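Asker: Just one file: entry34.txt, with compact mmCIF, C-alpha atoms.
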# COMPACT_ATOMS: atom_id res chain seq x y z
CA MET L 1 -16.73 -8.05 3.66
CA ASP L 2 -15.47 -7.92 0.10
CA ARG L 3 -11.85 -7.11 -0.65
CA GLU L 4 -12.44 -3.62 -2.05
CA SER L 5 -14.44 -2.53 0.99
CA PHE L 6 -11.73 -3.88 3.27
CA ILE L 7 -9.00 -2.08 1.40
CA VAL L 8 -10.65 1.34 1.49
CA LEU L 9 -11.48 0.84 5.15
CA ALA L 10 -8.20 -0.61 6.42
CA GLY L 11 -6.17 1.61 4.11
CA GLY L 12 -7.80 4.67 5.63
CA ARG L 13 -9.15 5.88 2.30
CA ARG L 14 -12.90 6.26 2.78
CA GLU L 15 -15.93 4.68 4.38
CA PRO L 16 -17.07 1.49 2.64
CA ALA L 17 -20.32 1.54 0.73
CA PRO L 18 -23.42 1.17 2.92
CA GLY L 19 -24.07 -2.47 3.68
CA ALA L 20 -20.64 -3.61 2.53
CA VAL L 21 -19.52 -4.48 6.05
CA VAL L 22 -21.57 -7.15 7.79
CA ILE L 23 -21.26 -7.34 11.56
CA GLU L 24 -22.33 -10.55 13.28
CA GLY L 25 -22.54 -11.06 17.05
CA ASP L 26 -21.91 -8.04 19.26
CA GLY L 27 -22.92 -5.19 16.99
CA GLN L 28 -21.63 -2.48 19.31
CA LEU L 29 -18.19 -4.07 19.54
CA GLY L 30 -18.14 -4.72 15.80
CA ALA L 31 -18.98 -1.11 15.04
CA ALA L 32 -16.27 0.07 17.41
CA ILE L 33 -13.71 -2.10 15.61
CA VAL L 34 -14.81 -0.96 12.14
CA ALA L 35 -14.60 2.67 13.26
CA VAL L 36 -10.86 2.39 13.98
CA MET L 37 -9.72 -0.09 11.35
CA GLY L 38 -7.81 2.40 9.24
CA SER L 39 -4.13 1.57 9.79
CA THR L 40 -1.92 1.32 6.72
CA PRO L 41 1.36 -0.35 7.72
CA MET P 1 10.92 -20.22 4.20
CA SER P 2 14.28 -18.47 4.07
CA ASP P 3 14.64 -14.70 4.09
CA ALA P 4 15.93 -14.87 0.53
CA ASP P 5 12.85 -16.77 -0.67
CA ARG P 6 10.47 -14.47 1.18
CA LEU P 7 12.14 -11.31 -0.11
CA ALA P 8 12.19 -12.73 -3.64
CA GLY P 9 8.45 -13.22 -3.39
CA TYR P 10 7.92 -9.63 -2.33
CA ILE P 11 10.09 -8.42 -5.19
CA GLU P 12 8.09 -10.43 -7.72
CA THR P 13 4.82 -9.10 -6.30
CA TRP P 14 6.16 -5.54 -6.38
CA TRP P 15 7.28 -5.99 -9.98
CA GLN P 16 3.83 -7.23 -11.01
CA ALA P 17 2.21 -4.33 -9.14
CA ILE P 18 4.46 -1.87 -10.97
CA GLY P 19 3.44 -3.41 -14.29
CA ASP P 20 -0.25 -3.19 -13.40
CA PHE P 21 0.10 0.40 -12.18
CA THR P 22 1.99 1.71 -15.20
CA ALA P 23 -0.40 -0.08 -17.58
CA LEU P 24 -3.30 1.67 -15.85
CA LEU P 25 -1.56 5.06 -16.05
CA ASP P 26 -0.85 4.48 -19.75
CA SER P 27 -4.55 3.94 -20.37
CA LEU P 28 -5.69 7.24 -18.84
CA PRO P 29 -6.80 10.19 -20.96
CA ASP P 30 -4.99 13.44 -20.22
CA ASP P 31 -7.91 15.00 -18.36
CA ALA P 32 -8.04 12.09 -15.90
CA TRP P 33 -4.72 13.15 -14.38
CA ALA P 34 -6.35 16.14 -12.70
CA LEU P 35 -9.11 14.16 -11.00
CA PRO P 36 -9.04 14.20 -7.19
CA THR P 37 -8.31 11.01 -5.28
CA ASP P 38 -9.28 9.89 -1.79
CA LEU P 39 -5.90 11.14 -0.56
CA PRO P 40 -6.32 14.70 0.71
CA GLY P 41 -4.83 17.28 -1.64
CA TRP P 42 -3.67 14.74 -4.19
CA ASP P 43 -5.00 14.27 -7.70
CA VAL P 44 -4.12 11.34 -9.97
CA LYS P 45 -0.95 13.06 -11.13
CA ALA P 46 0.18 13.57 -7.54
CA VAL P 47 -0.31 9.88 -6.79
CA ALA P 48 1.74 8.91 -9.85
CA ALA P 49 4.38 11.51 -8.98
CA HIS P 50 4.64 10.21 -5.45
CA THR P 51 5.17 6.68 -6.71
CA ALA P 52 7.81 7.90 -9.16
CA HIS P 53 9.52 9.77 -6.32
CA LEU P 54 9.83 6.74 -4.05
CA GLU P 55 10.84 4.39 -6.84
CA SER P 56 13.40 6.93 -8.01
CA ILE P 57 14.96 7.13 -4.58
CA LEU P 58 15.07 3.34 -4.32
CA GLY P 59 16.44 3.14 -7.86
CA GLY P 60 19.41 5.35 -7.07
CA GLY P 61 17.93 8.67 -8.16
CA PRO P 62 18.98 12.01 -6.71
CA ASP P 63 17.90 13.29 -3.32
CA GLU P 64 15.16 15.81 -4.08
CA GLN P 65 14.57 19.12 -2.34
CA ALA P 66 11.68 21.53 -2.86
CA ASP P 67 9.72 24.24 -1.11
CA ILE P 68 6.33 22.63 -0.68
CA GLY P 69 4.71 25.91 0.35
CA GLU P 70 1.42 26.02 2.19
CA ALA P 71 -0.17 22.61 1.89
CA PRO P 72 -2.99 22.07 4.39
CA HIS P 73 -3.08 18.35 3.66
CA VAL P 74 0.55 17.92 4.70
CA THR P 75 0.83 16.90 8.31
CA GLY P 76 4.09 15.76 9.83
CA PRO P 77 7.59 15.05 8.55
CA MET P 78 6.58 12.07 6.43
CA GLY P 79 3.94 14.14 4.68
CA GLN P 80 6.47 16.88 4.02
CA PHE P 81 8.87 14.37 2.53
CA THR P 82 6.30 12.76 0.25
CA GLU P 83 5.01 16.14 -0.90
CA ILE P 84 8.45 17.01 -2.25
CA GLY P 85 8.12 14.33 -4.91
CA VAL P 86 4.76 15.75 -5.94
CA VAL P 87 6.04 19.33 -6.14
CA THR P 88 9.16 18.46 -8.13
CA ARG P 89 7.04 16.69 -10.76
CA ARG P 90 4.22 19.23 -10.94
CA ASP P 91 5.32 20.58 -14.33
CA ARG P 92 6.16 17.20 -15.81
CA THR P 93 4.01 15.49 -18.41
CA PRO P 94 2.11 12.33 -17.48
CA ALA P 95 4.14 10.38 -20.01
CA SER P 96 7.42 11.45 -18.45
CA ILE P 97 6.22 10.39 -14.99
CA ILE P 98 5.22 6.97 -16.30
CA GLU P 99 8.55 6.66 -18.06
CA GLU P 100 10.39 7.57 -14.88
CA ILE P 101 8.57 4.84 -12.94
CA ARG P 102 9.34 2.30 -15.66
CA GLU P 103 12.98 3.31 -16.04
CA ARG P 104 13.78 3.38 -12.32
CA THR P 105 11.94 0.21 -11.44
CA THR P 106 13.34 -1.73 -14.39
CA ARG P 107 16.85 -0.82 -13.37
CA ARG P 108 16.20 -1.73 -9.76
CA HIS P 109 14.45 -4.97 -10.69
CA ASP P 110 17.42 -5.99 -12.80
CA GLU P 111 19.76 -5.20 -9.93
CA LEU P 112 17.67 -7.15 -7.44
CA LEU P 113 17.59 -10.18 -9.71
CA ALA P 114 21.34 -9.99 -10.27
CA GLU P 115 22.10 -9.55 -6.59
CA PRO P 116 19.08 -10.69 -4.56
CA PRO P 117 18.71 -9.55 -0.96
CA THR P 118 19.17 -12.37 1.53
CA ASP P 119 18.84 -10.80 4.98
CA GLY P 120 15.46 -9.44 5.97
CA ASN P 121 16.86 -7.97 9.17
CA ALA P 122 19.48 -5.89 7.40
CA PRO P 123 18.78 -2.16 7.47
CA ALA P 124 16.88 -0.79 4.50
CA PRO P 125 18.92 1.58 2.33
CA GLY P 126 19.00 5.35 2.66
CA LEU P 127 16.07 7.21 4.09
CA PHE P 128 14.07 4.05 4.68
CA GLY P 129 16.77 2.72 6.95
CA LEU P 130 16.93 6.03 8.80
CA VAL P 131 13.28 5.69 9.81
CA GLY P 132 14.00 2.26 11.24
CA TRP P 133 12.93 0.00 8.39
CA ASN P 134 14.76 -3.20 7.61
CA GLN P 135 14.81 -5.00 4.26
CA GLN P 136 11.83 -7.16 5.22
CA THR P 137 9.69 -4.10 5.98
CA LEU P 138 10.78 -2.27 2.86
CA PHE P 139 10.31 -5.11 0.39
CA ARG P 140 7.01 -6.08 1.97
CA ASN P 141 5.72 -2.52 1.93
CA ARG P 142 6.46 -1.65 -1.70
CA PRO P 143 3.85 -3.95 -3.33
CA LEU P 144 1.26 -2.71 -0.85
CA ASP P 145 2.05 0.93 -1.54
CA VAL P 146 2.04 0.56 -5.31
CA TRP P 147 -1.14 -1.49 -5.36
CA MET P 148 -2.94 0.86 -2.96
CA HIS P 149 -2.06 3.75 -5.26
CA GLU P 150 -3.31 1.82 -8.27
CA GLN P 151 -6.61 1.53 -6.44
CA ASP P 152 -6.53 5.24 -5.52
CA VAL P 153 -6.28 6.01 -9.23
CA ARG P 154 -8.93 3.47 -10.21
CA ARG P 155 -11.46 4.95 -7.78
CA ALA P 156 -10.64 8.49 -8.92
CA VAL P 157 -11.13 7.76 -12.62
CA GLY P 158 -14.00 5.29 -12.23
CA MET P 159 -12.12 2.27 -13.55
CA PRO P 160 -12.60 -0.47 -10.93
CA GLY P 161 -10.50 -3.62 -11.25
CA GLY P 162 -7.23 -5.18 -10.24
CA LEU P 163 -8.75 -6.86 -7.20
CA ASP P 164 -7.51 -10.36 -8.03
CA THR P 165 -3.87 -9.60 -8.73
CA ALA P 166 -0.81 -10.62 -6.75
CA GLY P 167 -0.62 -7.09 -5.36
CA ALA P 168 -4.24 -7.27 -4.23
CA GLN P 169 -3.72 -10.55 -2.40
CA HIS P 170 -0.52 -9.30 -0.82
CA THR P 171 -2.15 -6.08 0.37
CA ALA P 172 -5.26 -7.73 1.77
CA ASP P 173 -3.16 -10.27 3.67
CA TYR P 174 -0.83 -7.57 4.97
CA LEU P 175 -3.57 -5.23 6.11
CA SER P 176 -5.47 -8.04 7.79
CA GLU P 177 -2.47 -8.60 10.05
CA ALA P 178 -3.20 -5.25 11.67
CA PHE P 179 -6.50 -6.61 12.99
CA GLY P 180 -4.91 -7.79 16.22
CA PHE P 181 -3.48 -4.33 16.81
CA VAL P 182 -6.81 -2.69 16.03
CA VAL P 183 -8.70 -4.90 18.45
CA GLY P 184 -6.06 -5.20 21.16
CA LYS P 185 -4.64 -1.70 21.24
CA LYS P 186 -7.43 0.49 19.95
CA VAL P 187 -10.69 -1.15 21.02
CA LYS P 188 -9.51 -3.22 24.00
CA PRO P 189 -12.58 -5.43 24.46
CA PRO P 190 -13.12 -7.38 27.67
CA VAL P 191 -11.07 -10.53 28.22
CA GLY P 192 -13.04 -13.46 26.86
CA THR P 193 -14.02 -11.64 23.71
CA THR P 194 -13.23 -13.15 20.34
CA ALA P 195 -13.18 -10.83 17.35
CA VAL P 196 -13.08 -12.28 13.84
CA LEU P 197 -12.19 -10.55 10.56
CA ALA P 198 -13.49 -12.29 7.44
CA VAL P 199 -12.57 -10.71 4.10
CA ASP P 200 -13.34 -12.41 0.79
CA GLY P 201 -10.27 -14.21 -0.55
CA THR P 202 -8.18 -13.64 2.56
CA ARG P 203 -7.25 -15.78 5.53
CA VAL P 204 -9.63 -15.29 8.43
CA VAL P 205 -8.07 -13.55 11.40
CA ALA P 206 -9.46 -14.28 14.85
CA VAL P 207 -8.29 -12.52 18.00
CA ASP P 208 -9.26 -14.26 21.22
CA GLY P 209 -9.84 -12.90 24.70
CA GLN P 210 -6.13 -12.73 25.40
CA LEU P 211 -5.70 -10.92 22.10
CA ARG P 212 -3.74 -13.77 20.57
CA ARG P 213 -3.98 -13.82 16.82
CA ARG P 214 -4.66 -16.96 14.84
CA ALA P 215 -5.60 -17.75 11.28
CA ASP P 216 -7.73 -20.79 10.84
CA ARG P 217 -9.41 -20.84 7.47
CA TRP P 218 -9.91 -19.01 4.22
CA VAL P 219 -12.91 -17.11 2.92
CA GLY P 220 -13.76 -17.71 -0.72
CA HIS P 221 -13.29 -14.70 -2.97
CA GLY P 222 -16.67 -13.47 -4.15
CA PRO P 223 -17.48 -12.28 -7.65
Translate this file's structure into structure tokens.

Answerer:
Amino acid sequence: MDRESFIVLAGGRREPAPGAVVIEGDGQLGAAIVAVMGSTP
Amino acid sequence: MSDADRLAGYIETWWQAIGDFTALLDSLPDDAWALPTDLPGWDVKAVAAHTAHLESILGGGPDEQADIGEAPHVTGPMGQFTEIGVVTRRDRTPASIIEEIRERTTRRHDELLAEPPTDGNAPAPGLFGLVGWNQQTLFRNRPLDVWMHEQDVRRAVGMPGGLDTAGAQHTADYLSEAFGFVVGKKVKPPVGTTAVLAVDGTRVVAVDGQLRRRADRWVGHGP
């Protein structure tokens, strides 16, 4: 994904724009990871 | 790399992030300061005030107290603490908030250059040390916090940019380190699974079936 999409996602700000996150391989696992990625240290 | 070198790098990245942030705030028209951000309950002015609050504390400013009243977006002690800096600056002008950030950070930057920190494991000063942070955590966190808030403001006012700066690289690298925690502690996939995070311009993070983290290549930064 691009840096801006990653930042808003991992920084817990908002959902990335549709299509900004590409999941390859196990789509179900990928979606589960993306759903809980917000974790600003 | 020694602690001193690593901390010096964080300080330089923080200083650049402060310069980028204050330059952005300087460029905003007055009506932009009331625009809402992605942070619940905070407009652009609140984001700037929060940054001024933290930098003031770190720059030797006074301990601030305020009645934050009923604030539905405030959850938990940390939220209560950060809201104080917003409330105490509510009647201030944008220019005075920018000036406070500049004045406090300039003083602190000068002090850090004159007497650089050398021990990353030493407790962070004041309140930051009380919550368990050491110097490494504090100095590494400040560029991330400032740059994230620059981006909060940019999204709020519709001025995208700043994605190729030192603060941007630092933040993307830092946040990507949490991938192992996200996969291993939150998702907990079956043993044998490998999860890979690939973000433009950032080192790829792969977590294997035993949830060991490794970085093996870089992804080119897209346009």

Asker: Give me, as a PyMOL selection string, all polymer residues having an atom no more than 12 Å from Pro189 of chain P, counting all atoms listed in the file and skipping those fewer than 6 positions away in the same chain.

Answerer: (chain L and resi 26+28-30+32-33) or (chain P and resi 180-183+195+207-211)

Asker: Could you give me, as a PDB file with C-alpha atoms, keeping the file's coordinate frame, the residues within 12 Å of Glu12 of chain P, counting all atoms listed in the file and dropping anything in the same chain fewer than 6 positions from it?

Answerer:
ATOM      1  CA  ASP P   5      12.850 -16.770  -0.670  1.00  0.00           C
ATOM      2  CA  ARG P   6      10.470 -14.470   1.180  1.00  0.00           C
ATOM      3  CA  ILE P  18       4.460  -1.870 -10.970  1.00  0.00           C
ATOM      4  CA  GLY P  19       3.440  -3.410 -14.290  1.00  0.00           C
ATOM      5  CA  THR P 105      11.940   0.210 -11.440  1.00  0.00           C
ATOM      6  CA  HIS P 109      14.450  -4.970 -10.690  1.00  0.00           C
ATOM      7  CA  ASP P 110      17.420  -5.990 -12.800  1.00  0.00           C
ATOM      8  CA  LEU P 112      17.670  -7.150  -7.440  1.00  0.00           C
ATOM      9  CA  LEU P 113      17.590 -10.180  -9.710  1.00  0.00           C
ATOM     10  CA  PRO P 116      19.080 -10.690  -4.560  1.00  0.00           C
ATOM     11  CA  PHE P 139      10.310  -5.110   0.390  1.00  0.00           C
ATOM     12  CA  ARG P 140       7.010  -6.080   1.970  1.00  0.00           C
ATOM     13  CA  ARG P 142       6.460  -1.650  -1.700  1.00  0.00           C
ATOM     14  CA  PRO P 143       3.850  -3.950  -3.330  1.00  0.00           C
ATOM     15  CA  ALA P 166      -0.810 -10.620  -6.750  1.00  0.00           C
ATOM     16  CA  GLY P 167      -0.620  -7.090  -5.360  1.00  0.00           C
ATOM     17  CA  HIS P 170      -0.520  -9.300  -0.820  1.00  0.00           C
TER      18      HIS P 170
END

Asker: Identify every residue of chain L that has at least one atom within 9 Å of any atom of chain P, counting only C-alpha atoms, and report the result as a PyMOL selection string.

Answerer: chain L and resi 1-8+10-11+13-14+29-30+32-33+36-41

Asker: Would you mind telling me which residue in P:Ala71, P:Ala17, P:Val191, P:Leu25 lies nearest to Thr165 of chain P when using only C-alpha atoms?

Answerer: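 Answer, going by the shortest atom-to-atom distance: P:Ala17.
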
Asker: Adding 3 Å on each side of the box along x, y and z that holds all listed atoms of segment 187-193 of chain P, could you give its centre and edge lengths in Å to one decimal, as AutoDock Vina command-line options?

Answerer:
--center_x -11.8 --center_y -7.3 --center_z 24.6 --size_x 10.5 --size_y 18.3 --size_z 13.2

Asker: Which residues are close to Pro94 of chain P, i.e. within 10 Å by only C-alpha atoms, leaving aside same-chain residues fewer than 6 positions away? Reply as JSON, numbers by chain.

Answerer: {"P": [25, 26, 28, 29, 30, 33, 44, 45, 48, 49, 100]}

Asker: Save the residues we just selected, C-alpha atoms, as a PDB file, in the coordinates of the input?

Answerer:
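Saved as again-v3.pdb:
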ATOM      1  CA  LEU P  25      -1.560   5.060 -16.050  1.00  0.00           C
ATOM      2  CA  ASP P  26      -0.850   4.480 -19.750  1.00  0.00           C
ATOM      3  CA  LEU P  28      -5.690   7.240 -18.840  1.00  0.00           C
ATOM      4  CA  PRO P  29      -6.800  10.190 -20.960  1.00  0.00           C
ATOM      5  CA  ASP P  30      -4.990  13.440 -20.220  1.00  0.00           C
ATOM      6  CA  TRP P  33      -4.720  13.150 -14.380  1.00  0.00           C
ATOM      7  CA  VAL P  44      -4.120  11.340  -9.970  1.00  0.00           C
ATOM      8  CA  LYS P  45      -0.950  13.060 -11.130  1.00  0.00           C
ATOM      9  CA  ALA P  48       1.740   8.910  -9.850  1.00  0.00           C
ATOM     10  CA  ALA P  49       4.380  11.510  -8.980  1.00  0.00           C
ATOM     11  CA  GLU P 100      10.390   7.570 -14.880  1.00  0.00           C
TER      12      GLU P 100
END

Asker: Have a look at atom CA of Trp15 of chain P and atom CA of Gly61 of chain P and let me know their distance in Å, one decimal.

Answerer: 18.2 Å
